[in-house]
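Okay, run21.cif now, which holds mmCIF, C-alpha atoms and all ligand atoms:
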data_my_file
#
loop_
_atom_site.label_atom_id
_atom_site.label_comp_id
_atom_site.auth_asym_id
_atom_site.auth_seq_id
_atom_site.Cartn_x
_atom_site.Cartn_y
_atom_site.Cartn_z
CA MET Y 1 195.75 118.45 -29.66
CA ASP Y 2 192.84 116.54 -28.26
CA TRP Y 3 190.70 115.33 -31.11
CA ARG Y 4 189.81 112.30 -28.99
CA ALA Y 5 187.25 114.21 -27.00
CA GLU Y 6 185.61 115.14 -30.32
CA GLY Y 7 185.65 111.52 -31.38
CA ILE Y 8 184.07 110.32 -28.19
CA ARG Y 9 181.33 112.92 -28.38
CA ALA Y 10 180.80 112.00 -32.01
CA GLU Y 11 180.00 108.41 -31.11
CA GLY Y 12 176.47 109.51 -30.41
CA ILE Y 13 175.96 110.25 -34.10
CA MET Y 14 177.58 107.08 -35.33
CA GLU Y 15 174.37 105.14 -35.75
CA GLY Y 16 173.84 106.11 -39.35
CA ASP Y 17 176.53 105.98 -41.99
CA ALA Y 18 176.96 109.73 -42.30
CA VAL Y 19 180.47 109.59 -40.92
CA MET Y 20 181.34 105.92 -40.74
CA GLY Y 21 179.96 105.15 -44.18
CA VAL Y 22 182.68 107.13 -45.87
CA PRO Y 23 186.00 106.04 -44.43
CA PHE Y 24 185.27 102.38 -43.55
CA PRO Y 25 182.30 100.85 -45.39
CA GLU Y 26 183.46 97.33 -44.40
CA ALA Y 27 183.02 98.15 -40.74
CA ARG Y 28 179.36 99.18 -40.86
CA GLY Y 29 177.68 97.97 -37.72
CA GLN Y 30 180.94 97.88 -35.79
CA GLU Y 31 181.09 101.57 -34.95
CA ARG Y 32 181.53 100.89 -31.25
CA ALA Y 33 184.18 98.22 -31.68
CA ALA Y 34 187.31 99.00 -29.70
CA TYR Y 35 190.79 98.02 -30.80
CA GLN Y 36 193.96 97.70 -28.79
CA VAL Y 37 196.40 100.23 -30.14
CA ALA Y 38 200.19 100.45 -30.10
CA PHE Y 39 202.63 102.65 -31.97
CA CYS Y 40 206.31 102.63 -32.71
CA PRO Y 41 208.22 105.67 -34.00
CA TYR Y 42 211.09 104.96 -36.41
CA GLN Y 43 213.94 106.84 -38.01
CA ARG Y 44 215.65 105.91 -41.24
CA PRO Y 45 218.62 107.87 -42.58
CA PHE Y 46 219.18 108.62 -46.27
CA ARG Y 47 222.38 107.05 -47.63
CA ARG Y 48 223.04 110.44 -49.23
CA PRO Y 49 220.88 113.46 -48.39
CA LEU Y 50 218.14 113.95 -50.99
CA GLN Y 51 218.47 117.26 -52.77
CA THR Y 52 215.36 119.02 -54.07
CA HIS Y 53 214.30 122.62 -54.56
CA HIS Y 54 213.06 122.45 -50.94
CA GLY Y 55 216.59 121.77 -49.66
CA LEU Y 56 218.40 118.73 -48.24
CA TRP Y 57 216.60 115.84 -46.57
CA ARG Y 58 218.72 113.58 -44.36
CA LEU Y 59 216.41 111.54 -42.16
CA ARG Y 60 213.02 109.94 -42.76
CA GLU Y 61 210.94 109.78 -39.59
CA GLY Y 62 207.58 108.18 -39.15
CA ILE Y 63 205.43 105.99 -36.93
CA TRP Y 64 204.07 102.47 -37.30
CA VAL Y 65 200.60 102.03 -35.92
CA TYR Y 66 199.25 98.65 -34.78
CA LEU Y 67 195.65 97.71 -34.07
CA ARG Y 68 194.29 94.47 -32.66
CA ASP Y 69 190.66 93.48 -32.31
CA CYS Y 70 189.03 91.19 -29.73
CA GLN Y 71 189.51 88.18 -32.03
CA GLY Y 72 193.25 88.80 -32.18
CA ARG Y 73 193.22 90.08 -35.78
CA VAL Y 74 196.02 92.60 -36.27
CA GLY Y 75 196.61 95.42 -38.75
CA VAL Y 76 199.60 97.70 -39.19
CA GLY Y 77 199.80 101.08 -40.87
CA GLU Y 78 202.36 103.82 -41.30
CA ILE Y 79 202.29 107.53 -40.58
CA ALA Y 80 204.98 109.19 -42.72
CA PRO Y 81 204.58 112.98 -42.43
CA LEU Y 82 205.98 115.46 -44.95
CA PRO Y 83 205.47 118.93 -43.44
CA TRP Y 84 207.01 120.71 -46.45
CA PHE Y 85 204.10 119.30 -48.45
CA GLY Y 86 201.63 120.81 -45.99
CA THR Y 87 201.01 117.77 -43.79
CA GLU Y 88 201.25 117.52 -40.03
CA THR Y 89 204.70 117.16 -38.46
CA GLN Y 90 206.13 114.01 -36.84
CA GLU Y 91 205.61 115.72 -33.46
CA ALA Y 92 201.94 116.42 -34.14
CA ALA Y 93 201.46 112.81 -35.25
CA LEU Y 94 203.22 111.58 -32.09
CA ASP Y 95 200.89 113.78 -30.02
CA VAL Y 96 197.92 112.03 -31.61
CA CYS Y 97 199.36 108.58 -30.87
CA ARG Y 98 200.31 109.51 -27.30
CA SER Y 99 196.89 111.02 -26.64
CA LEU Y 100 195.31 107.61 -27.17
CA GLY Y 101 195.04 105.22 -24.31
CA GLN Y 102 195.40 101.50 -24.84
CA THR Y 103 192.31 101.28 -26.99
CA VAL Y 104 190.75 103.23 -29.82
CA THR Y 105 187.28 102.93 -31.34
CA LEU Y 106 186.36 102.92 -34.98
CA ALA Y 107 184.49 106.16 -34.37
CA GLN Y 108 187.63 107.83 -33.03
CA ILE Y 109 189.65 106.76 -36.04
CA ALA Y 110 186.98 108.04 -38.41
CA GLN Y 111 187.09 111.39 -36.59
CA ILE Y 112 190.79 112.07 -37.15
CA PRO Y 113 190.54 115.48 -38.84
CA PRO Y 114 191.74 116.27 -42.40
CA ASP Y 115 194.58 118.45 -41.13
CA LEU Y 116 196.21 115.20 -39.93
CA PRO Y 117 196.19 113.42 -43.33
CA CYS Y 118 199.17 111.16 -42.55
CA CYS Y 119 197.52 110.01 -39.30
CA GLN Y 120 194.33 109.31 -41.26
CA PHE Y 121 196.35 107.19 -43.69
CA GLY Y 122 198.28 105.30 -40.99
CA PHE Y 123 195.30 104.46 -38.80
CA GLY Y 124 193.08 103.94 -41.85
CA CYS Y 125 195.48 101.40 -43.41
CA ALA Y 126 195.95 99.54 -40.12
CA LEU Y 127 192.19 99.24 -39.78
CA GLU Y 128 191.65 98.18 -43.41
CA GLN Y 129 194.34 95.54 -43.03
CA LEU Y 130 192.74 94.20 -39.89
CA LEU Y 131 189.35 94.11 -41.66
CA GLY Y 132 190.86 92.33 -44.67
CA ARG Y 133 190.21 95.23 -47.06
CA LEU Y 134 193.95 95.82 -47.63
CA PRO Y 135 196.16 92.72 -47.97
CA GLN Y 136 198.76 91.91 -45.31
CA SER Y 137 201.45 91.00 -47.84
CA SER Y 138 203.38 93.40 -50.08
CA PRO Y 139 202.73 93.25 -53.81
CA SER Y 140 205.74 92.34 -55.90
CA LEU Y 141 206.28 94.46 -58.97
CA ALA Y 142 208.63 94.29 -61.95
CA SER Y 143 211.22 97.10 -62.16
CA ALA Y 144 209.75 98.05 -65.55
CA SER Y 145 206.58 99.22 -63.84
CA ILE Y 146 208.48 101.42 -61.38
CA CYS Y 147 210.13 104.80 -61.91
CA ALA Y 148 213.64 105.06 -60.42
CA LEU Y 149 214.64 108.33 -58.76
CA LEU Y 150 218.01 109.70 -59.92
CA SER Y 151 220.23 112.17 -58.04
CA ALA Y 152 220.00 115.82 -58.96
CA GLY Y 153 222.81 117.30 -61.04
CA ALA Y 154 225.48 115.50 -63.05
CA SER Y 155 225.56 112.38 -60.80
CA ALA Y 156 222.48 111.21 -62.70
CA LEU Y 157 224.65 110.64 -65.78
CA LYS Y 158 226.50 107.84 -63.98
CA GLN Y 159 223.52 106.53 -62.13
CA TRP Y 160 220.91 105.56 -64.70
CA GLN Y 161 222.80 102.72 -66.39
CA PRO Y 162 222.99 100.25 -63.48
CA LEU Y 163 219.31 100.97 -62.83
CA TRP Y 164 218.54 100.32 -66.52
CA GLU Y 165 220.37 97.01 -66.16
CA GLN Y 166 218.14 96.18 -63.19
CA GLY Y 167 215.15 96.58 -65.50
CA TYR Y 168 214.05 100.16 -64.82
CA ARG Y 169 212.78 101.97 -67.90
CA THR Y 170 211.41 105.17 -66.38
CA PHE Y 171 213.58 107.63 -64.47
CA LYS Y 172 212.94 110.80 -62.52
CA TRP Y 173 215.40 113.66 -62.27
CA LYS Y 174 215.05 116.66 -59.94
CA ILE Y 175 215.54 120.10 -61.47
CA GLY Y 176 215.35 123.62 -60.07
CA VAL Y 177 218.03 122.58 -57.59
CA THR Y 178 220.67 124.86 -59.16
CA ASP Y 179 220.26 127.30 -62.06
CA SER Y 180 219.05 126.20 -65.47
CA GLU Y 181 222.31 127.25 -67.18
CA THR Y 182 223.88 124.38 -65.25
CA GLU Y 183 221.01 121.92 -65.43
CA LEU Y 184 219.89 122.25 -69.06
CA PRO Y 185 223.17 120.97 -70.59
CA ILE Y 186 223.18 118.01 -68.17
CA PHE Y 187 219.58 117.30 -69.15
CA GLU Y 188 220.48 117.24 -72.85
CA GLN Y 189 223.40 114.93 -72.13
CA LEU Y 190 221.16 112.64 -70.12
CA LEU Y 191 218.58 112.45 -72.90
CA ALA Y 192 221.30 111.73 -75.44
CA GLN Y 193 222.67 108.90 -73.27
CA LEU Y 194 219.38 107.21 -72.44
CA PRO Y 195 218.14 104.46 -74.78
CA GLN Y 196 215.29 105.57 -76.99
CA SER Y 197 212.77 103.42 -75.15
CA ALA Y 198 213.56 105.08 -71.80
CA ARG Y 199 211.23 107.68 -70.33
CA LEU Y 200 212.35 110.60 -68.23
CA ARG Y 201 210.28 112.53 -65.71
CA LEU Y 202 211.47 115.96 -64.58
CA ASP Y 203 210.46 117.27 -61.17
CA ALA Y 204 211.06 120.94 -60.35
CA ASN Y 205 209.30 120.84 -56.97
CA GLY Y 206 207.82 124.25 -57.74
CA GLY Y 207 211.29 125.76 -58.16
CA LEU Y 208 211.21 127.40 -61.61
CA THR Y 209 210.27 130.93 -62.58
CA GLN Y 210 207.81 131.46 -65.41
CA THR Y 211 210.65 132.29 -67.85
CA CYS Y 212 212.70 129.30 -66.75
CA ALA Y 213 209.74 126.95 -67.02
CA GLU Y 214 209.11 128.15 -70.58
CA ARG Y 215 212.77 127.52 -71.46
CA TRP Y 216 212.65 124.00 -70.05
CA LEU Y 217 209.40 123.21 -71.83
CA ALA Y 218 210.66 124.57 -75.15
CA VAL Y 219 213.66 122.23 -74.87
CA CYS Y 220 211.43 119.30 -73.86
CA ASP Y 221 209.11 119.92 -76.83
CA ALA Y 222 212.07 120.11 -79.22
CA GLN Y 223 213.43 116.80 -77.84
CA ARG Y 224 210.06 115.16 -78.43
CA SER Y 225 210.24 115.85 -82.13
CA ALA Y 226 213.89 114.69 -82.27
CA SER Y 227 212.71 111.10 -81.54
CA ARG Y 228 215.04 110.72 -78.62
CA ALA Y 229 214.15 109.19 -75.27
CA ALA Y 230 210.99 111.04 -74.33
CA VAL Y 231 210.30 113.37 -71.46
CA GLU Y 232 207.16 111.80 -70.07
CA TYR Y 233 206.20 114.94 -68.16
CA LEU Y 234 207.44 117.89 -66.13
CA GLU Y 235 206.22 117.83 -62.54
CA GLN Y 236 205.26 120.99 -60.62
CA PRO Y 237 207.33 123.53 -62.62
CA LEU Y 238 205.94 126.56 -60.73
CA PRO Y 239 204.97 127.09 -57.09
CA ALA Y 240 201.72 125.47 -55.99
CA ALA Y 241 199.95 128.83 -55.67
CA ASP Y 242 200.53 129.84 -59.33
CA GLY Y 243 197.33 128.23 -60.59
CA PRO Y 244 196.60 130.38 -63.66
CA ALA Y 245 200.26 130.35 -64.78
CA LEU Y 246 200.42 126.54 -64.46
CA LEU Y 247 197.24 126.21 -66.52
CA ALA Y 248 198.61 128.54 -69.19
CA LEU Y 249 201.87 126.52 -69.41
CA ALA Y 250 199.96 123.26 -69.69
CA ARG Y 251 197.93 124.67 -72.57
CA THR Y 252 200.92 126.14 -74.42
CA PHE Y 253 203.39 123.24 -74.55
CA GLN Y 254 203.16 119.69 -75.85
CA THR Y 255 205.10 118.14 -73.00
CA PRO Y 256 202.57 117.13 -70.34
CA LEU Y 257 202.69 118.70 -66.88
CA ALA Y 258 201.96 117.01 -63.57
CA LEU Y 259 200.71 118.63 -60.37
CA ASP Y 260 202.27 117.53 -57.10
CA GLU Y 261 202.72 120.19 -54.38
CA ALA Y 262 199.59 121.91 -55.76
CA ILE Y 263 197.29 119.01 -54.85
CA THR Y 264 198.19 117.96 -51.34
CA THR Y 265 194.72 118.41 -49.86
CA GLY Y 266 191.28 117.21 -50.92
CA ARG Y 267 190.19 120.79 -51.46
CA ASP Y 268 193.11 121.50 -53.85
CA TRP Y 269 192.20 118.34 -55.71
CA GLU Y 270 188.61 119.55 -56.25
CA LYS Y 271 189.80 122.97 -57.33
CA TRP Y 272 192.10 121.68 -60.08
CA LEU Y 273 189.43 119.32 -61.35
CA ALA Y 274 186.98 122.21 -61.51
CA TRP Y 275 189.58 124.23 -63.45
CA GLY Y 276 189.83 121.39 -65.97
CA TRP Y 277 193.52 120.63 -65.44
CA PRO Y 278 194.61 118.95 -68.69
CA GLY Y 279 197.69 117.21 -67.26
CA LEU Y 280 198.58 114.54 -64.75
CA PHE Y 281 198.01 114.33 -60.98
CA VAL Y 282 200.71 112.98 -58.68
CA LEU Y 283 199.06 111.01 -55.91
CA LYS Y 284 201.12 110.34 -52.80
CA PRO Y 285 198.83 107.96 -50.88
CA ALA Y 286 200.67 108.36 -47.57
CA LEU Y 287 199.75 112.08 -47.56
CA MET Y 288 196.20 111.74 -48.83
CA GLY Y 289 194.13 110.66 -45.84
CA PHE Y 290 191.96 107.59 -45.39
CA PRO Y 291 192.38 104.91 -48.06
CA GLN Y 292 188.67 105.09 -48.85
CA GLN Y 293 188.96 108.83 -49.55
CA ILE Y 294 191.85 108.08 -51.89
CA ARG Y 295 189.67 105.59 -53.77
CA ASP Y 296 186.87 108.16 -54.01
CA ARG Y 297 189.23 110.88 -55.19
CA ALA Y 298 190.79 108.64 -57.83
CA LYS Y 299 187.46 107.75 -59.44
CA GLY Y 300 187.38 108.56 -63.13
CA LEU Y 301 190.98 109.77 -63.18
CA THR Y 302 192.82 106.48 -63.64
CA SER Y 303 194.81 107.40 -66.74
CA ALA Y 304 195.91 110.73 -65.24
CA LEU Y 305 197.21 109.42 -61.90
CA VAL Y 306 200.88 108.97 -61.13
CA PHE Y 307 201.35 107.22 -57.80
CA SER Y 308 204.36 108.31 -55.81
CA SER Y 309 206.31 107.39 -52.72
CA VAL Y 310 207.23 109.68 -49.85
CA PHE Y 311 210.06 107.39 -48.71
CA GLU Y 312 207.82 105.42 -46.42
CA THR Y 313 209.03 102.05 -45.08
CA ARG Y 314 207.70 98.72 -46.34
CA VAL Y 315 204.55 99.09 -44.22
CA GLY Y 316 203.27 102.26 -45.86
CA ARG Y 317 204.76 101.26 -49.19
CA SER Y 318 202.80 98.04 -49.29
CA ALA Y 319 199.50 99.81 -48.62
CA ALA Y 320 200.32 102.58 -51.12
CA LEU Y 321 201.23 100.05 -53.83
CA HIS Y 322 198.04 98.06 -53.28
CA LEU Y 323 196.09 101.29 -53.79
CA ALA Y 324 198.16 102.13 -56.87
CA LEU Y 325 197.46 98.73 -58.41
CA GLU Y 326 193.78 99.07 -57.60
CA LEU Y 327 193.38 102.64 -58.89
CA GLY Y 328 196.18 103.56 -61.29
CA HIS Y 329 196.89 102.98 -64.96
CA PRO Y 330 199.23 100.08 -65.78
CA GLN Y 331 201.09 102.17 -68.38
CA LEU Y 332 202.17 104.84 -65.88
CA ALA Y 333 205.21 103.73 -63.91
CA LEU Y 334 204.82 103.97 -60.15
CA GLY Y 335 207.08 106.55 -58.47
CA PHE Y 336 208.36 104.07 -55.91
CA GLY Y 337 211.90 103.44 -57.18
CA VAL Y 338 213.47 105.09 -54.15
CA ASP Y 339 214.79 102.24 -52.01
CA HIS Y 340 218.38 102.80 -53.15
CA TRP Y 341 218.17 106.20 -51.43
CA LEU Y 342 217.67 104.91 -47.91
CA ALA Y 343 219.42 102.72 -45.40
CA GLU Y 344 217.89 99.27 -45.02
CA SER Y 345 214.26 99.39 -43.96
CA PRO Y 346 213.90 99.18 -40.19
CA ARG Y 347 212.48 95.85 -39.08
CA VAL Y 348 208.79 95.70 -38.32
CA SER Y 349 207.57 92.92 -36.13
CA ILE Y 350 204.08 92.32 -34.93
CA ASN Y 351 203.86 90.29 -31.76
CA SER Y 352 201.73 90.45 -28.69
CA SER Y 353 204.32 92.28 -26.64
CA ILE Y 354 203.68 95.40 -28.72
CA PHE Y 355 200.33 95.72 -26.99
CA SER Y 356 200.76 96.55 -23.33
O1 LIG K 1 207.67 110.39 -57.35
C1 LIG K 1 208.70 109.74 -57.44
O2 LIG K 1 208.96 109.10 -58.47
C2 LIG K 1 209.71 109.71 -56.34
C3 LIG K 1 209.33 110.38 -55.07
C4 LIG K 1 209.52 111.87 -55.06
O3 LIG K 1 209.96 112.44 -56.02
C5 LIG K 1 209.21 112.58 -53.83
C6 LIG K 1 209.44 111.92 -52.62
C7 LIG K 1 209.22 112.54 -51.41
C8 LIG K 1 208.76 113.83 -51.39
C9 LIG K 1 208.51 114.51 -52.58
C10 LIG K 1 208.71 113.89 -53.80
C11 LIG K 1 208.31 114.64 -55.04
O4 LIG K 1 207.73 114.07 -55.96
O5 LIG K 1 208.50 115.83 -55.08
MG MG K 2 207.19 115.97 -57.02
#
Output the file's structure as structure tokens, nothing else.
Amino acid sequence: MDWRAEGIRAEGIMEGDAVMGVPFPEARGQERAAYQVAFCPYQRPFRRPLQTHHGLWRLREGIWVYLRDCQGRVGVGEIAPLPWFGTETQEAALDVCRSLGQTVTLAQIAQIPPDLPCCQFGFGCALEQLLGRLPQSSPSLASASICALLSAGASALKQWQPLWEQGYRTFKWKIGVTDSETELPIFEQLLAQLPQSARLRLDANGGLTQTCAERWLAVCDAQRSASRAAVEYLEQPLPAADGPALLALARTFQTPLALDEAITTGRDWEKWLAWGWPGLFVLKPALMGFPQQIRDRAKGLTSALVFSSVFETRVGRSAALHLALELGHPQLALGFGVDHWLAESPRVSINSSIFS
């Protein structure tokens, strides 16, 4: 994969802001600036494998990207691929990093193509941090503004209380992992246990059939009128490709729906907007390309955006949370309560020896 050649050729057309103006408005006039570049792949195991409709996930892999300019200003970003959401693989991202020499220009970064959205995010965040557009420090957030991810199945019944005591008020529970005969009774137990002020998000990861989704939503609607803890929404009940069926469900039931797997690319995003999707949009910044594109895409949608983690380390998390605070609605908990799932975050250090 040699997109670098493209980037170098493209430098000729970098005078105007046709290309540069979009991803990095702060850097106008610096199109030819070259940055020293370094990268560091990491691996981070799950304490327990994460179970979703897509299967078991045991190891989070990604890459930290470092840039340094001629004044010694440094920025760091994270590439955290999620191929089962349609992004590039870790290997493809490593190919991109390895294909670079010791320096990269702004023009080359701006030319990373949309089929490498995690690379766009990683390099884009590193550059924005260096330019002062994204802060270097992580935001600190109260647990009440974060949604904590519970284990699938009956383990959730024992898991929510300690998290409640830590201040979490919104929880997410994966469904469509086993059959609904097993999951529905656990769901009803969970709702009965949770304090009335708690909110529960369900995430099927596209794993329900039409009939099953209707059953789940009928139960969710009934629970809403029973003034129990509320189901805030059901995320991606049907496969991403079932557009018309998803729209019909959203229009039939009271319980809101959220799109996740269905909106992984910019083009999907446009399509669902054009269809007039009445529900919520899950936005996983680390999968969504350049930070500036994320800002553009979020415009006018604030109250419908649910920001969500992809188990990135503190580098990507910090950038994603800054974007969430900038673009999201304060009443919608951020889907970043996932740290209890992973082994301690690998250490990230920035010092000169990173740059050869
Ligand atoms: O969104 C959240 O609250 C937690 C994060 C989460 O569920 C998730 C994390 C990694 C990959 C996919 C998903 C998902 O929403 O399906
Ligand atoms: Mg989801």
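When only C-alpha atoms are used to compute distances to Ser345 in chain Y, the closest of the residues Y:Leu56, Y:Val315, Y:Leu217, Y:Leu327 turns out to be Y:Val315.
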Show which residues sit within 12 Å of Asp242 in chain Y, as number ranges by chain. Count only C-alpha atoms, and ignore same-chain residues fewer than 5 positions away.
Y: 206-210, 236-237, 247-249, 259, 261-262, 272
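As for atom C9 of ligand LIG 1 (chain K) and CA of Gly167 in chain Y, they are spaced 23.1 Å apart.
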Hey, which residues sit close to ligand LIG 1 (chain K)? Say within 8 Å, counting all atoms listed in the file, and write them as a list in words.
Thr52, Leu82, Phe85, Cys147, Ala148, Leu149, Phe171, Lys172, Lys174, Asp203, Ala204, Asn205, Glu235, Asp260, Glu261, Val282, Lys284, Val306, Phe307, Ser308, Ser309, Val310, Phe311, Leu334, Gly335, Phe336, Gly337 and Val338 of chain Y
Quick one: of Y:Thr264, Y:Thr103, Y:Thr313, Y:Gln30, who's nearest to ligand MG 2 (chain K), counting only C-alpha atoms and all ligand atoms?
Y:Thr264
From CA of Ala154 in chain Y to CA of Pro256 in chain Y the spacing works out at 24.1 Å
Residue nearest ligand MG 2 (chain K) among Y:Leu184, Y:Leu332, Y:Ile175, Y:Cys220 (counting all atoms listed in the file)
Y:Ile175
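Distances here use all atoms listed in the file; by that measure, the residue among Y:Ala258, Y:Thr252, Y:Gln71, Y:Gly289 closest to ligand MG 2 (chain K) is Y:Ala258.
One finds CA of Glu312 in chain Y at 7.8 Å from CA of Arg60 in chain Y.
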Range 238-319 of chain Y near range 129-138 of chain Y within 9 Å: what's each residue's closest atom pair and its distance in Å to one decimal, counting only C-alpha atoms, ordered by chain then ascending residue number, as a Markdown table?
| residue | atom | partner | partner_atom | distance |
| --- | --- | --- | --- | --- |
| Y:Arg314 | CA | Y:Ser138 | CA | 7.8 |
| Y:Val315 | CA | Y:Ser138 | CA | 8.3 |
| Y:Arg317 | CA | Y:Ser138 | CA | 8.0 |
| Y:Ser318 | CA | Y:Ser138 | CA | 4.7 |
| Y:Ala319 | CA | Y:Leu134 | CA | 6.9 |
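Take the candidates Y:Trp173, Y:Thr182, Y:Glu344, Y:Trp277 and check each one against ligand MG 2 (chain K) using only C-alpha atoms and all ligand atoms; the shortest distance goes to Y:Trp173.
Residue nearest Tyr168 in chain Y within the list Y:Cys212, Y:Leu191, Y:Ala333, Y:Gly29: Y:Ala333 [criterion: smallest interatomic distance, all atoms listed in the file].
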Return as lines of an AutoDock Vina configuration file the box centre and box size in Å, one decimal, for an axis-aligned box around all listed atoms of range 317-328 of chain Y padded by 4 Å per side.
center_x = 199.1
center_y = 100.8
center_z = -55.0
size_x = 19.4
size_y = 13.5
size_z = 20.7
Name the residues in contact with range 293-298 of chain Y at a cut-off of 8 Å, using only C-alpha atoms, excluding same-chain residues fewer than 5 positions from it; report them as a ChimeraX atom specification.
/Y:22-23,266,285,288,305,323,327
List the spatial neighbours of Gln193 in chain Y as a PyMOL selection string - criterion: any atom at most 9 Å away, only C-alpha atoms, same-chain residues fewer than 5 positions off excluded.
chain Y and resi 157+188+229
